[in-house]
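File shown: protein.cif (mmCIF, C-alpha atoms and all ligand atoms).
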```cif
data_final
loop_
_atom_site.label_atom_id
_atom_site.label_comp_id
_atom_site.auth_asym_id
_atom_site.auth_seq_id
_atom_site.Cartn_x
_atom_site.Cartn_y
_atom_site.Cartn_z
CA MET A 1 -19.42 -11.20 15.46
CA ALA A 2 -20.69 -8.93 18.24
CA VAL A 3 -18.42 -7.95 21.11
CA PRO A 4 -19.07 -10.47 23.95
CA ALA A 5 -21.04 -8.79 26.77
CA CYS A 6 -18.20 -9.20 29.25
CA PRO A 7 -15.18 -10.26 27.21
CA ARG A 8 -12.49 -12.21 29.03
CA VAL A 9 -9.16 -10.60 28.34
CA VAL A 10 -5.75 -11.80 29.44
CA LEU A 11 -3.38 -8.84 29.73
CA GLY A 12 0.18 -10.16 29.63
CA VAL A 13 2.80 -7.70 30.81
CA ALA A 14 6.46 -8.41 30.07
CA GLY A 15 9.47 -6.91 31.80
CA GLY A 16 9.99 -3.51 30.21
CA ILE A 17 9.80 -0.02 31.63
CA ALA A 18 6.61 0.54 29.59
CA ALA A 19 4.88 -1.84 32.05
CA TYR A 20 3.73 1.33 33.81
CA LYS A 21 1.63 2.19 30.74
CA ALA A 22 -0.08 -1.20 30.95
CA VAL A 23 -1.59 -0.02 34.24
CA GLU A 24 -3.60 2.56 32.30
CA LEU A 25 -4.45 -0.01 29.61
CA LEU A 26 -5.79 -2.30 32.34
CA ARG A 27 -7.95 0.51 33.71
CA LEU A 28 -9.34 1.34 30.25
CA LEU A 29 -10.09 -2.31 29.43
CA SER A 30 -11.81 -2.84 32.80
CA GLU A 31 -13.84 0.36 32.42
CA SER A 32 -15.02 -0.76 28.98
CA GLY A 33 -16.55 -3.87 30.56
CA CYS A 34 -13.80 -6.45 30.05
CA GLU A 35 -12.99 -8.99 32.72
CA VAL A 36 -9.23 -8.70 32.74
CA THR A 37 -6.78 -11.20 34.21
CA VAL A 38 -3.27 -9.79 34.35
CA VAL A 39 -0.44 -12.25 33.75
CA PRO A 40 2.82 -10.48 34.51
CA THR A 41 6.20 -12.04 33.81
CA LYS A 42 8.73 -12.28 36.61
CA SER A 43 10.65 -9.30 35.22
CA CYS A 44 7.45 -7.25 34.92
CA LEU A 45 6.98 -7.58 38.67
CA ARG A 46 10.31 -5.80 39.18
CA PHE A 47 8.80 -2.75 37.46
CA VAL A 48 5.18 -2.90 38.67
CA GLY A 49 4.16 -5.12 41.60
CA ALA A 50 1.33 -7.63 41.85
CA PRO A 51 -0.78 -5.51 44.27
CA THR A 52 -1.21 -2.85 41.56
CA TRP A 53 -2.44 -5.41 39.03
CA ALA A 54 -4.71 -7.10 41.59
CA ALA A 55 -6.24 -3.86 42.86
CA LEU A 56 -7.01 -2.51 39.38
CA SER A 57 -8.24 -5.77 37.85
CA GLY A 58 -10.16 -6.84 40.95
CA ARG A 59 -8.84 -10.35 40.34
CA PRO A 60 -6.04 -12.51 41.72
CA VAL A 61 -2.75 -12.17 39.89
CA PRO A 62 -1.10 -15.48 39.01
CA GLU A 63 2.57 -14.76 39.58
CA ASP A 64 4.04 -17.95 38.18
CA LEU A 65 3.29 -21.40 36.81
CA TRP A 66 3.17 -22.89 40.28
CA SER A 67 0.37 -20.91 41.94
CA GLN A 68 -3.20 -22.31 42.10
CA VAL A 69 -2.01 -25.37 40.18
CA HIS A 70 -5.25 -27.24 40.96
CA GLU A 71 -7.05 -24.80 38.65
CA VAL A 72 -4.62 -25.61 35.82
CA PRO A 73 -4.20 -21.90 34.98
CA HIS A 74 -1.48 -22.54 32.38
CA VAL A 75 -4.14 -24.08 30.11
CA ARG A 76 -7.43 -22.65 31.36
CA LEU A 77 -6.54 -18.96 31.03
CA GLY A 78 -5.63 -19.25 27.36
CA GLN A 79 -8.53 -21.57 26.51
CA GLU A 80 -11.16 -19.32 28.08
CA ALA A 81 -9.88 -15.95 26.84
CA ASP A 82 -11.68 -13.90 24.16
CA LEU A 83 -8.49 -11.90 23.65
CA VAL A 84 -4.88 -12.10 24.80
CA VAL A 85 -2.97 -8.84 24.64
CA VAL A 86 0.65 -8.47 25.71
CA ALA A 87 1.80 -4.90 26.40
CA PRO A 88 4.65 -4.30 26.51
CA ALA A 89 6.03 -7.32 24.64
CA THR A 90 9.80 -7.30 25.08
CA ALA A 91 12.30 -8.66 22.54
CA ASP A 92 12.72 -11.67 24.81
CA LEU A 93 8.97 -12.32 25.00
CA LEU A 94 8.66 -12.05 21.18
CA GLY A 95 11.49 -14.56 20.81
CA ARG A 96 9.94 -17.03 23.25
CA ALA A 97 6.49 -16.65 21.68
CA ALA A 98 7.82 -17.08 18.15
CA HIS A 99 9.63 -20.28 19.07
CA GLY A 100 6.84 -21.82 21.10
CA LEU A 101 8.73 -21.84 24.40
CA ALA A 102 6.60 -22.29 27.50
CA ASP A 103 8.85 -21.53 30.41
CA ASP A 104 6.45 -19.25 32.30
CA LEU A 105 2.72 -18.72 32.68
CA LEU A 106 2.42 -16.04 29.98
CA THR A 107 4.08 -18.15 27.28
CA ASN A 108 1.85 -21.09 28.27
CA VAL A 109 -1.18 -18.84 27.85
CA LEU A 110 0.07 -17.83 24.38
CA LEU A 111 0.34 -21.50 23.36
CA THR A 112 -3.11 -22.45 24.61
CA ALA A 113 -5.00 -19.36 23.37
CA ARG A 114 -7.32 -19.97 20.41
CA CYS A 115 -8.60 -16.39 20.43
CA PRO A 116 -7.01 -13.36 18.72
CA VAL A 117 -3.59 -12.45 20.12
CA VAL A 118 -2.25 -8.88 20.08
CA LEU A 119 1.39 -8.23 20.92
CA ALA A 120 2.47 -4.62 21.46
CA PRO A 121 6.27 -4.55 21.42
CA ALA A 122 8.30 -1.91 23.23
CA MET A 123 12.08 -1.82 23.28
CA HIS A 124 15.05 0.24 22.15
CA THR A 125 15.30 0.90 18.41
CA GLU A 126 18.41 -1.27 18.02
CA MET A 127 16.62 -4.26 19.54
CA TRP A 128 13.49 -3.71 17.39
CA GLU A 129 15.61 -3.46 14.24
CA HIS A 130 17.82 -6.47 15.02
CA ALA A 131 17.54 -9.29 12.48
CA ALA A 132 16.53 -11.73 15.23
CA THR A 133 13.61 -9.56 16.32
CA ARG A 134 12.57 -8.90 12.72
CA ALA A 135 12.51 -12.65 12.03
CA ASN A 136 10.51 -13.36 15.21
CA VAL A 137 7.97 -10.66 14.34
CA ALA A 138 7.63 -11.97 10.77
CA LEU A 139 7.05 -15.52 12.08
CA LEU A 140 4.42 -14.36 14.56
CA ARG A 141 2.63 -12.26 11.94
CA ALA A 142 2.67 -15.15 9.47
CA ARG A 143 0.86 -17.20 12.13
CA GLY A 144 -1.87 -14.58 12.43
CA VAL A 145 -0.68 -12.81 15.57
CA LEU A 146 -1.37 -9.07 15.43
CA VAL A 147 2.02 -7.54 16.22
CA VAL A 148 1.50 -3.80 16.66
CA GLU A 149 4.12 -1.54 15.09
CA PRO A 150 5.82 0.41 17.92
CA ALA A 151 5.52 4.18 18.03
CA VAL A 152 8.36 6.64 17.49
CA GLY A 153 9.34 8.91 20.36
CA ARG A 154 11.10 9.13 23.68
CA LEU A 155 12.57 5.83 24.91
CA THR A 156 14.17 4.96 28.24
CA GLY A 157 17.01 7.27 29.18
CA ALA A 158 18.00 10.05 26.82
CA ASP A 159 17.29 8.07 23.63
CA SER A 160 14.42 8.52 21.28
CA GLY A 161 13.40 6.61 18.16
CA LYS A 162 11.18 3.75 17.14
CA GLY A 163 10.30 1.32 19.90
CA ARG A 164 7.88 3.17 22.15
CA LEU A 165 4.73 1.45 23.34
CA PRO A 166 1.72 3.14 21.67
CA GLU A 167 -0.47 5.13 24.05
CA PRO A 168 -2.81 3.03 26.24
CA GLY A 169 -5.91 4.67 24.74
CA GLU A 170 -4.88 3.56 21.24
CA LEU A 171 -4.16 0.03 22.42
CA ALA A 172 -7.50 -0.15 24.25
CA GLU A 173 -9.28 0.97 21.08
CA LEU A 174 -7.38 -1.64 19.05
CA CYS A 175 -8.43 -4.33 21.58
CA ARG A 176 -12.04 -3.21 21.32
CA ARG A 177 -11.94 -3.50 17.55
CA VAL A 178 -10.23 -6.89 17.62
CA LEU A 179 -12.88 -8.13 20.06
CA ALA A 180 -15.55 -6.89 17.66
CA GLY A 181 -14.14 -9.37 15.12
CA THR A 182 -15.66 -7.79 12.05
CA GLU A 183 -12.82 -5.28 12.08
CA GLN A 184 -10.27 -7.83 10.93
CA ASP A 185 -11.57 -8.20 7.37
CA LEU A 186 -8.29 -6.97 5.83
CA SER A 187 -6.08 -9.35 7.80
CA GLY A 188 -3.44 -11.15 5.76
CA ARG A 189 -3.31 -8.22 3.30
CA ARG A 190 -0.34 -5.92 2.86
CA VAL A 191 -1.14 -2.38 1.75
CA VAL A 192 0.81 0.77 0.97
CA VAL A 193 -0.65 4.26 1.46
CA SER A 194 1.01 7.53 0.48
CA ALA A 195 0.03 10.71 2.30
CA GLY A 196 0.75 14.42 2.49
CA GLY A 197 2.17 16.88 0.02
CA THR A 198 5.66 16.54 -1.39
CA ARG A 199 8.14 19.41 -1.05
CA GLU A 200 10.37 20.30 -3.96
CA HIS A 201 13.32 22.25 -2.64
CA LEU A 202 14.66 25.39 -4.31
CA ASP A 203 17.42 25.74 -1.76
CA PRO A 204 18.04 24.46 1.80
CA VAL A 205 15.26 26.66 3.26
CA ARG A 206 12.67 27.14 0.51
CA PHE A 207 10.47 24.69 -1.30
CA LEU A 208 7.49 24.44 -3.65
CA GLY A 209 4.71 22.71 -1.75
CA ASN A 210 0.97 22.26 -1.63
CA ARG A 211 -1.89 22.39 0.86
CA SER A 212 -2.32 18.67 1.48
CA SER A 213 -2.39 18.02 5.25
CA GLY A 214 -2.01 14.25 4.95
CA LYS A 215 -5.04 13.65 7.19
CA GLN A 216 -6.94 11.55 4.64
CA GLY A 217 -3.90 9.35 3.94
CA TYR A 218 -3.29 8.88 7.67
CA ALA A 219 -6.97 7.93 8.12
CA LEU A 220 -6.61 5.35 5.34
CA ALA A 221 -3.53 3.86 7.01
CA ARG A 222 -5.13 3.91 10.47
CA ARG A 223 -8.32 2.20 9.31
CA ALA A 224 -6.47 -0.44 7.26
CA ALA A 225 -4.32 -1.34 10.29
CA ALA A 226 -7.38 -1.42 12.53
CA ARG A 227 -9.02 -3.83 10.10
CA GLY A 228 -6.03 -6.15 10.28
CA ALA A 229 -3.90 -5.19 7.27
CA GLN A 230 -0.16 -4.82 7.43
CA VAL A 231 0.33 -1.19 6.45
CA VAL A 232 3.25 0.86 5.16
CA LEU A 233 2.51 4.58 5.21
CA VAL A 234 4.78 6.59 2.94
CA SER A 235 4.42 9.98 4.55
CA ALA A 236 5.31 13.35 3.07
CA VAL A 237 3.91 15.03 6.18
CA SER A 238 6.44 16.90 8.31
CA ALA A 239 7.54 14.91 11.36
CA GLY A 240 5.35 15.58 14.38
CA ALA A 241 2.49 17.26 12.46
CA LEU A 242 0.32 14.13 12.72
CA ALA A 243 0.68 11.25 15.19
CA ASP A 244 1.85 7.97 13.67
CA PRO A 245 -1.20 5.70 13.41
CA THR A 246 -1.04 2.69 15.74
CA GLY A 247 0.25 -0.47 14.14
CA VAL A 248 1.48 1.23 10.98
CA CYS A 249 5.03 1.25 9.62
CA VAL A 250 5.72 4.90 8.70
CA VAL A 251 8.43 5.79 6.15
CA ARG A 252 9.12 9.51 5.84
CA VAL A 253 9.88 11.18 2.53
CA THR A 254 10.14 14.77 1.35
CA SER A 255 10.24 15.07 -2.43
CA ALA A 256 8.29 13.40 -5.23
CA LEU A 257 11.41 11.48 -6.30
CA GLU A 258 11.93 10.09 -2.79
CA LEU A 259 8.25 9.20 -2.53
CA ARG A 260 8.41 7.44 -5.89
CA ASP A 261 11.40 5.28 -4.87
CA VAL A 262 9.86 4.17 -1.57
CA VAL A 263 6.35 3.58 -2.98
CA LEU A 264 7.65 1.52 -5.92
CA ALA A 265 9.88 -0.59 -3.66
CA GLU A 266 7.12 -1.23 -1.12
CA ALA A 267 4.50 -1.84 -3.81
CA SER A 268 6.29 -4.87 -5.21
CA SER A 269 4.84 -7.06 -2.42
CA ALA A 270 1.61 -5.15 -1.75
CA ASP A 271 -1.98 -6.25 -2.37
CA ALA A 272 -3.07 -2.63 -2.76
CA VAL A 273 -1.53 0.81 -3.11
CA VAL A 274 -3.53 3.94 -2.32
CA MET A 275 -1.98 7.14 -3.63
CA ALA A 276 -3.55 9.74 -1.35
CA ALA A 277 -0.42 11.93 -1.50
CA ALA A 278 -0.46 15.19 -3.43
CA VAL A 279 2.63 14.57 -5.53
CA ALA A 280 4.12 17.72 -7.04
CA ASP A 281 3.96 17.56 -10.82
CA TYR A 282 7.13 19.68 -11.16
CA ARG A 283 10.41 20.24 -9.33
CA PRO A 284 13.07 22.91 -9.79
CA VAL A 285 15.74 21.81 -12.25
CA GLU A 286 18.35 22.99 -9.80
CA ARG A 287 18.42 22.83 -6.03
CA ALA A 288 20.83 25.50 -4.83
CA ALA A 289 23.35 24.30 -2.27
CA TYR A 290 23.11 27.64 -0.42
CA LYS A 291 20.21 29.90 0.44
CA ARG A 292 19.44 32.01 -2.62
CA LYS A 293 19.96 35.77 -2.16
CA LYS A 294 17.45 38.12 -3.70
CA SER A 295 18.62 40.15 -6.69
CA GLY A 296 15.67 41.31 -8.78
CA PRO A 297 13.25 39.09 -10.65
CA LEU A 298 13.83 35.35 -10.41
CA THR A 299 12.91 32.76 -13.00
CA VAL A 300 12.87 29.18 -11.79
CA GLU A 301 13.00 26.46 -14.39
CA LEU A 302 10.91 23.42 -13.51
CA VAL A 303 11.13 19.87 -14.77
CA GLN A 304 8.26 17.39 -14.70
CA ASN A 305 8.25 14.72 -11.97
CA PRO A 306 7.55 11.10 -12.82
CA ASP A 307 3.91 10.04 -12.48
CA VAL A 308 4.11 7.50 -9.65
CA LEU A 309 0.61 6.14 -10.15
CA ALA A 310 1.28 5.58 -13.85
CA GLU A 311 4.50 3.72 -12.97
CA LEU A 312 2.60 1.59 -10.47
CA VAL A 313 0.04 0.73 -13.16
CA ALA A 314 2.83 -0.24 -15.55
CA ALA A 315 4.52 -2.49 -12.96
CA ARG A 316 1.42 -3.91 -11.26
CA ALA A 317 1.28 -7.57 -10.25
CA ALA A 318 -1.84 -9.65 -10.91
CA GLY A 319 -4.53 -9.00 -8.31
CA GLN A 320 -2.97 -5.80 -6.99
CA VAL A 321 -5.51 -2.99 -6.58
CA LEU A 322 -4.38 0.57 -7.34
CA VAL A 323 -6.26 3.61 -6.07
CA GLY A 324 -5.73 7.23 -7.04
CA PHE A 325 -7.09 10.45 -5.57
CA ALA A 326 -8.08 13.53 -7.55
CA ALA A 327 -9.45 16.93 -6.58
CA GLU A 328 -11.51 18.08 -9.57
CA THR A 329 -13.75 21.01 -10.47
CA GLY A 330 -16.22 21.32 -13.29
CA ASP A 331 -15.60 23.62 -16.30
CA ASP A 332 -17.02 24.29 -19.76
CA ASP A 333 -16.05 20.79 -20.91
CA GLY A 334 -17.89 18.92 -18.15
CA ASP A 335 -18.45 18.48 -14.42
CA ALA A 336 -15.94 17.23 -11.86
CA LEU A 337 -16.99 13.60 -12.41
CA PHE A 338 -16.55 13.94 -16.16
CA HIS A 339 -12.94 15.02 -15.55
CA GLY A 340 -12.54 12.30 -12.89
CA ARG A 341 -13.64 9.60 -15.32
CA ALA A 342 -11.20 10.89 -17.96
CA LYS A 343 -8.40 10.88 -15.37
CA LEU A 344 -9.24 7.33 -14.27
CA ALA A 345 -9.00 6.15 -17.86
CA ARG A 346 -5.79 8.10 -18.43
CA LYS A 347 -4.12 6.81 -15.28
CA GLY A 348 -5.28 3.20 -15.68
CA CYS A 349 -5.86 2.60 -11.95
CA ASP A 350 -8.76 0.53 -10.53
CA LEU A 351 -10.40 3.20 -8.40
CA LEU A 352 -10.26 6.99 -8.38
CA VAL A 353 -11.49 8.89 -5.33
CA VAL A 354 -12.80 12.19 -6.69
CA ASN A 355 -13.12 15.18 -4.37
CA GLN A 356 -15.48 17.60 -6.12
CA VAL A 357 -13.76 20.73 -4.87
CA GLY A 358 -15.60 24.00 -4.98
CA ASP A 359 -19.05 22.36 -5.05
CA PRO A 360 -21.46 23.93 -2.55
CA GLY A 361 -21.94 21.62 0.41
CA TYR A 362 -18.65 19.79 -0.16
CA PRO A 363 -15.75 20.39 2.23
CA THR A 364 -12.55 21.26 0.39
CA GLY A 365 -10.74 18.14 1.56
CA PHE A 366 -7.69 20.18 2.54
CA GLU A 367 -6.74 20.54 6.23
CA VAL A 368 -10.34 20.01 7.48
CA ASP A 369 -11.40 16.89 9.40
CA ASP A 370 -14.36 15.99 7.18
CA ASN A 371 -14.36 14.85 3.59
CA ALA A 372 -16.79 13.74 0.90
CA ALA A 373 -16.07 12.05 -2.41
CA THR A 374 -17.29 9.97 -5.28
CA VAL A 375 -15.31 6.83 -5.97
CA LEU A 376 -15.18 5.83 -9.62
CA SER A 377 -14.17 2.32 -10.64
CA ALA A 378 -12.47 1.30 -13.87
CA GLY A 379 -15.50 -0.86 -14.66
CA GLY A 380 -17.77 2.19 -14.66
CA SER A 381 -19.40 2.03 -11.22
CA SER A 382 -19.66 5.11 -9.06
CA THR A 383 -20.06 5.25 -5.26
CA ASP A 384 -21.02 8.47 -3.47
CA ILE A 385 -19.57 8.91 0.01
CA PRO A 386 -21.45 11.71 1.76
CA VAL A 387 -19.79 14.26 4.05
CA GLY A 388 -18.35 12.51 7.09
CA SER A 389 -15.10 11.98 8.93
CA LYS A 390 -11.98 11.03 6.99
CA ASP A 391 -12.08 7.67 8.82
CA VAL A 392 -15.54 7.00 7.36
CA LEU A 393 -14.30 7.82 3.86
CA ALA A 394 -11.24 5.62 4.48
CA ASP A 395 -13.46 2.69 5.47
CA ALA A 396 -15.58 3.15 2.35
CA VAL A 397 -12.43 3.09 0.17
CA TRP A 398 -11.18 -0.11 1.86
CA ASP A 399 -14.63 -1.69 1.40
CA LEU A 400 -14.29 -1.07 -2.34
CA VAL A 401 -10.69 -2.34 -2.44
CA ARG A 402 -11.85 -5.46 -0.62
CA ALA A 403 -14.66 -5.86 -3.13
CA PHE A 404 -11.99 -6.03 -5.86
CA TRP A 405 -10.04 -8.68 -3.93
CA THR A 406 -13.12 -10.79 -3.31
CA GLY A 407 -14.33 -10.42 -6.89
CA THR A 408 -17.57 -8.62 -6.02
CA LEU A 409 -16.35 -5.53 -7.87
CA ALA A 410 -14.64 -6.42 -11.13
CA ALA A 411 -12.61 -4.22 -13.44
CA THR A 412 -15.47 -4.49 -15.93
CA ASP A 413 -18.35 -3.61 -13.52
N1 LIG A 501 0.14 11.28 -8.80
C1 LIG A 501 1.31 10.56 -8.91
N2 LIG A 501 2.43 11.15 -9.39
C2 LIG A 501 2.42 12.43 -9.81
C3 LIG A 501 1.23 13.18 -9.71
C4 LIG A 501 0.10 12.58 -9.19
O1 LIG A 501 1.30 9.39 -8.53
N3 LIG A 501 3.52 12.96 -10.28
C5 LIG A 501 -1.05 10.62 -8.27
C6 LIG A 501 -1.66 11.28 -7.04
O2 LIG A 501 -1.14 10.73 -5.86
C7 LIG A 501 -3.14 10.97 -7.20
C8 LIG A 501 -3.34 10.85 -8.69
O3 LIG A 501 -2.06 10.67 -9.24
O4 LIG A 501 -3.48 9.74 -6.63
C9 LIG A 501 -4.00 12.04 -9.33
O5 LIG A 501 -3.28 13.22 -9.00
P1 LIG A 501 -3.52 14.56 -9.81
O6 LIG A 501 -2.58 15.60 -9.34
O7 LIG A 501 -4.98 14.85 -9.77
O8 LIG A 501 -3.17 14.02 -11.26
P2 LIG A 501 -2.29 14.58 -12.39
O9 LIG A 501 -1.93 13.41 -13.25
O10 LIG A 501 -1.19 15.41 -11.87
O11 LIG A 501 -3.35 15.42 -13.21
P3 LIG A 501 -3.52 16.99 -13.40
O12 LIG A 501 -2.97 17.24 -14.75
O13 LIG A 501 -5.01 17.18 -13.31
O14 LIG A 501 -2.75 17.67 -12.29
#
```
Write out the structure in this file as structure tokens.
Ligand code: CTP
Amino acid sequence: MAVPACPRVVLGVAGGIAAYKAVELLRLLSESGCEVTVVPTKSCLRFVGAPTWAALSGRPVPEDLWSQVHEVPHVRLGQEADLVVVAPATADLLGRAAHGLADDLLTNVLLTARCPVVLAPAMHTEMWEHAATRANVALLRARGVLVVEPAVGRLTGADSGKGRLPEPGELAELCRRVLAGTEQDLSGRRVVVSAGGTREHLDPVRFLGNRSSGKQGYALARRAAARGAQVVLVSAVSAGALADPTGVCVVRVTSALELRDVVLAEASSADAVVMAAAVADYRPVERAAYKRKKSGPLTVELVQNPDVLAELVAARAAGQVLVGFAAETGDDDGDALFHGRAKLARKGCDLLVVNQVGDPGYPTGFEVDDNAATVLSAGGSSTDIPVGSKDVLADAVWDLVRAFWTGTLAATD
């Protein structure tokens, strides 16, 4: 489906301090050619007044159920919209939407809308984590509403944590993709992505690590969420090094053992797991409680870490697609793809994304923004993904995962 020439968007704004950010979202949506009608709740108007919404949208602002009744706005707005986006969606608004209440214009719009609905919650961490909010979000998601995962950062007052409204630019981009329609081809799927390099601590200040930046894993998570999947990103990237992708649930880990526990727990209900993380093969046998002092040569004994991908293969549910990553070089025994194919067979996963490191013309894959790869499938097929952004490579990987789900790429291809 192409983006309508002048999409009609209803921007609902609930009563949270983040309403000020919706002003910027309105501007971005209008500038991108959308005809935006703002429907503020009564509490929203205590934060940002109707003249602001009217001036920036260039349209009248219905302030309650009882204005312009002859135009039946409580039904018409929802029926005619190409997209309804609510930002911020408060805990109260989520509760009313989940339970089908219709006590103001915005909740009426939500009940009459037949177009995609995006809710971008913003609230304090405690409210977001409360069992009532969790249940409301689960209900809304089960009904096909795209509930964006809040960002982590500064909240109202001195607090910080999860519950921040994602930046207006990210929300505008999400709206654009939802309007494009084709971007929602992973909706209804739950996926887990691991990213970054694990750190195996020698003592409280030193660790064995690797060069993985986590950028490719973050791109995979970002693109899956943009295409409608529910995404858990198990991140071994240090906090703050990369921005949390919009709409993604990020779980932070440090060591291979931590990563293993979280990935295995999350994988039990996932349709796909993509292991983009560089998991350390070894960890020190001992982690010193205090900073080690130097005293001549040091020998560190290492013990092998569990192979997470192999454990996923052993525990996999029917229909679950498992994807591994491997950076390979050629040697006297064969080229990078020869070693990739052997690794795919050894690991038993469905797809292996092979970065042919060291080949002229191929970026290394580490730290840089571009990547190139060849994706090998267990059935024997091979797909070359030329040098491009990590988002492009991520999309190509999800296309192949989707091909497994839809049966167009079988394990025996
Ligand atoms: N992997 C894993 N657990 C480990 C090591 C690796 O799950 N302990 C995963 C990586 O996330 C990646 C894939 O396995 O998706 C391949 O990683 P790689 O390091 O290339 O594989 P190894 O089995 O460690 O092979 P090698 O002996 O070549 O290092």
- Task: Using all atoms listed in the file, find each protein or nucleic acid residue lying at most 8 Å from ligand LIG 501 (chain A); present the set as a ChimeraX atom specification.
- Result: /A:194,256,260,274-282,304-311,323-328,343,347,352
Now that the selection is made, can you save its residues with C-alpha atoms as an mmCIF file, keeping the file's coordinate frame?
```cif
data_model
loop_
_atom_site.group_PDB
_atom_site.id
_atom_site.type_symbol
_atom_site.label_atom_id
_atom_site.label_comp_id
_atom_site.auth_asym_id
_atom_site.auth_seq_id
_atom_site.Cartn_x
_atom_site.Cartn_y
_atom_site.Cartn_z
ATOM 1 C CA SER A 194 1.010 7.530 0.480
ATOM 2 C CA ALA A 256 8.290 13.400 -5.230
ATOM 3 C CA ARG A 260 8.410 7.440 -5.890
ATOM 4 C CA VAL A 274 -3.530 3.940 -2.320
ATOM 5 C CA MET A 275 -1.980 7.140 -3.630
ATOM 6 C CA ALA A 276 -3.550 9.740 -1.350
ATOM 7 C CA ALA A 277 -0.420 11.930 -1.500
ATOM 8 C CA ALA A 278 -0.460 15.190 -3.430
ATOM 9 C CA VAL A 279 2.630 14.570 -5.530
ATOM 10 C CA ALA A 280 4.120 17.720 -7.040
ATOM 11 C CA ASP A 281 3.960 17.560 -10.820
ATOM 12 C CA TYR A 282 7.130 19.680 -11.160
ATOM 13 C CA GLN A 304 8.260 17.390 -14.700
ATOM 14 C CA ASN A 305 8.250 14.720 -11.970
ATOM 15 C CA PRO A 306 7.550 11.100 -12.820
ATOM 16 C CA ASP A 307 3.910 10.040 -12.480
ATOM 17 C CA VAL A 308 4.110 7.500 -9.650
ATOM 18 C CA LEU A 309 0.610 6.140 -10.150
ATOM 19 C CA ALA A 310 1.280 5.580 -13.850
ATOM 20 C CA GLU A 311 4.500 3.720 -12.970
ATOM 21 C CA VAL A 323 -6.260 3.610 -6.070
ATOM 22 C CA GLY A 324 -5.730 7.230 -7.040
ATOM 23 C CA PHE A 325 -7.090 10.450 -5.570
ATOM 24 C CA ALA A 326 -8.080 13.530 -7.550
ATOM 25 C CA ALA A 327 -9.450 16.930 -6.580
ATOM 26 C CA GLU A 328 -11.510 18.080 -9.570
ATOM 27 C CA LYS A 343 -8.400 10.880 -15.370
ATOM 28 C CA LYS A 347 -4.120 6.810 -15.280
ATOM 29 C CA LEU A 352 -10.260 6.990 -8.380
#
```
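Between CA of Ala102 (chain A) and CA of Val75 (chain A) the separation is 11.2 Å.
Taking CA of Asn355 (chain A) as the reference point, CA of Val253 (chain A) is found at 24.3 Å.
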As a PDB file with C-alpha atoms, keeping the file's coordinate frame, please: the residues near Thr125 (chain A) (cut-off 8 Å, all atoms listed in the file, same-chain neighbours under 2 positions excluded).
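And here's out-v2.pdb as it stands now:
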```
ATOM      1  CA  MET A 123      12.080  -1.820  23.280  1.00  0.00           C
ATOM      2  CA  MET A 127      16.620  -4.260  19.540  1.00  0.00           C
ATOM      3  CA  TRP A 128      13.490  -3.710  17.390  1.00  0.00           C
ATOM      4  CA  GLU A 129      15.610  -3.460  14.240  1.00  0.00           C
ATOM      5  CA  GLY A 161      13.400   6.610  18.160  1.00  0.00           C
ATOM      6  CA  LYS A 162      11.180   3.750  17.140  1.00  0.00           C
ATOM      7  CA  GLY A 163      10.300   1.320  19.900  1.00  0.00           C
TER       8      GLY A 163
END
```
- Can you pull out every residue within 8 Å of region 231-237 of chain A, counting only C-alpha atoms, but drop anything in the same chain fewer than 6 positions away, and send it as a PyMOL selection string? chain A and resi 190-199+213-214+218+221+224-225+247-255+259+262-263+266+277
- Message: Quick one: residues within 9 Å of Ser268 (chain A), all atoms listed in the file, excluding same-chain residues fewer than 5 positions away - as a PyMOL selection string?
- Response: chain A and resi 263+315-317
- Hey, what's within 9 Å of region 204-207 of chain A if we count only C-alpha atoms and toss same-chain stuff fewer than 6 positions away? As a PyMOL selection string, please? chain A and resi 287-292
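As for CA of Arg402 (chain A) and CA of Ser269 (chain A), they are spaced 16.9 Å apart.
The shortest atom-to-atom distance to Ser30 (chain A), with only C-alpha atoms taken into account, belongs to A:Leu56 out of A:Leu56, A:Leu264, A:Cys44, A:Ala113.
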- Message: Need the shell around Thr299 (chain A): protein/DNA/RNA residues with any atom at most 12 Å away, counting only C-alpha atoms. Skip same-chain ones fewer than 4 positions apart. Format as a ChimeraX atom specification?
- Response: /A:202,284-286,294-295
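For the set A:Val72, A:Ala396, A:Leu29, A:Ala19, the residue with the smallest atom-to-atom gap to Gly49 (chain A) is A:Ala19, counting all atoms listed in the file.
Shortest separation to Leu146 (chain A) among A:Gln230, A:Asp92, A:Thr107, A:His74 occurs at residue A:Gln230, atoms counted being only C-alpha atoms.
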- Nearest candidate to Cys349 (chain A) (options A:Asp391, A:Ala373, A:Gly15, A:Val401; using all atoms listed in the file): A:Val401
- Message: Just checking: using all atoms listed in the file, which residue out of A:Gly228, A:Gly217, A:Gly95, A:Gly169 ends up closest to Val117 (chain A)?
- Response: A:Gly228
- Task: Using all atoms listed in the file, pick whichever of A:Thr383, A:Ala394, A:Arg164, A:Thr52 has the shortest atom-to-atom distance to Leu409 (chain A).
- Result: A:Thr383
With all atoms of region 41-51 of chain A from the file as input, state the centre and edge lengths in Å to one decimal of the axis-aligned box that has 4 Å extra on each side, as JSON.
```
{"center_x": 4.9, "center_y": -7.5, "center_z": 39.0, "size_x": 19.4, "size_y": 17.5, "size_z": 18.5}
```
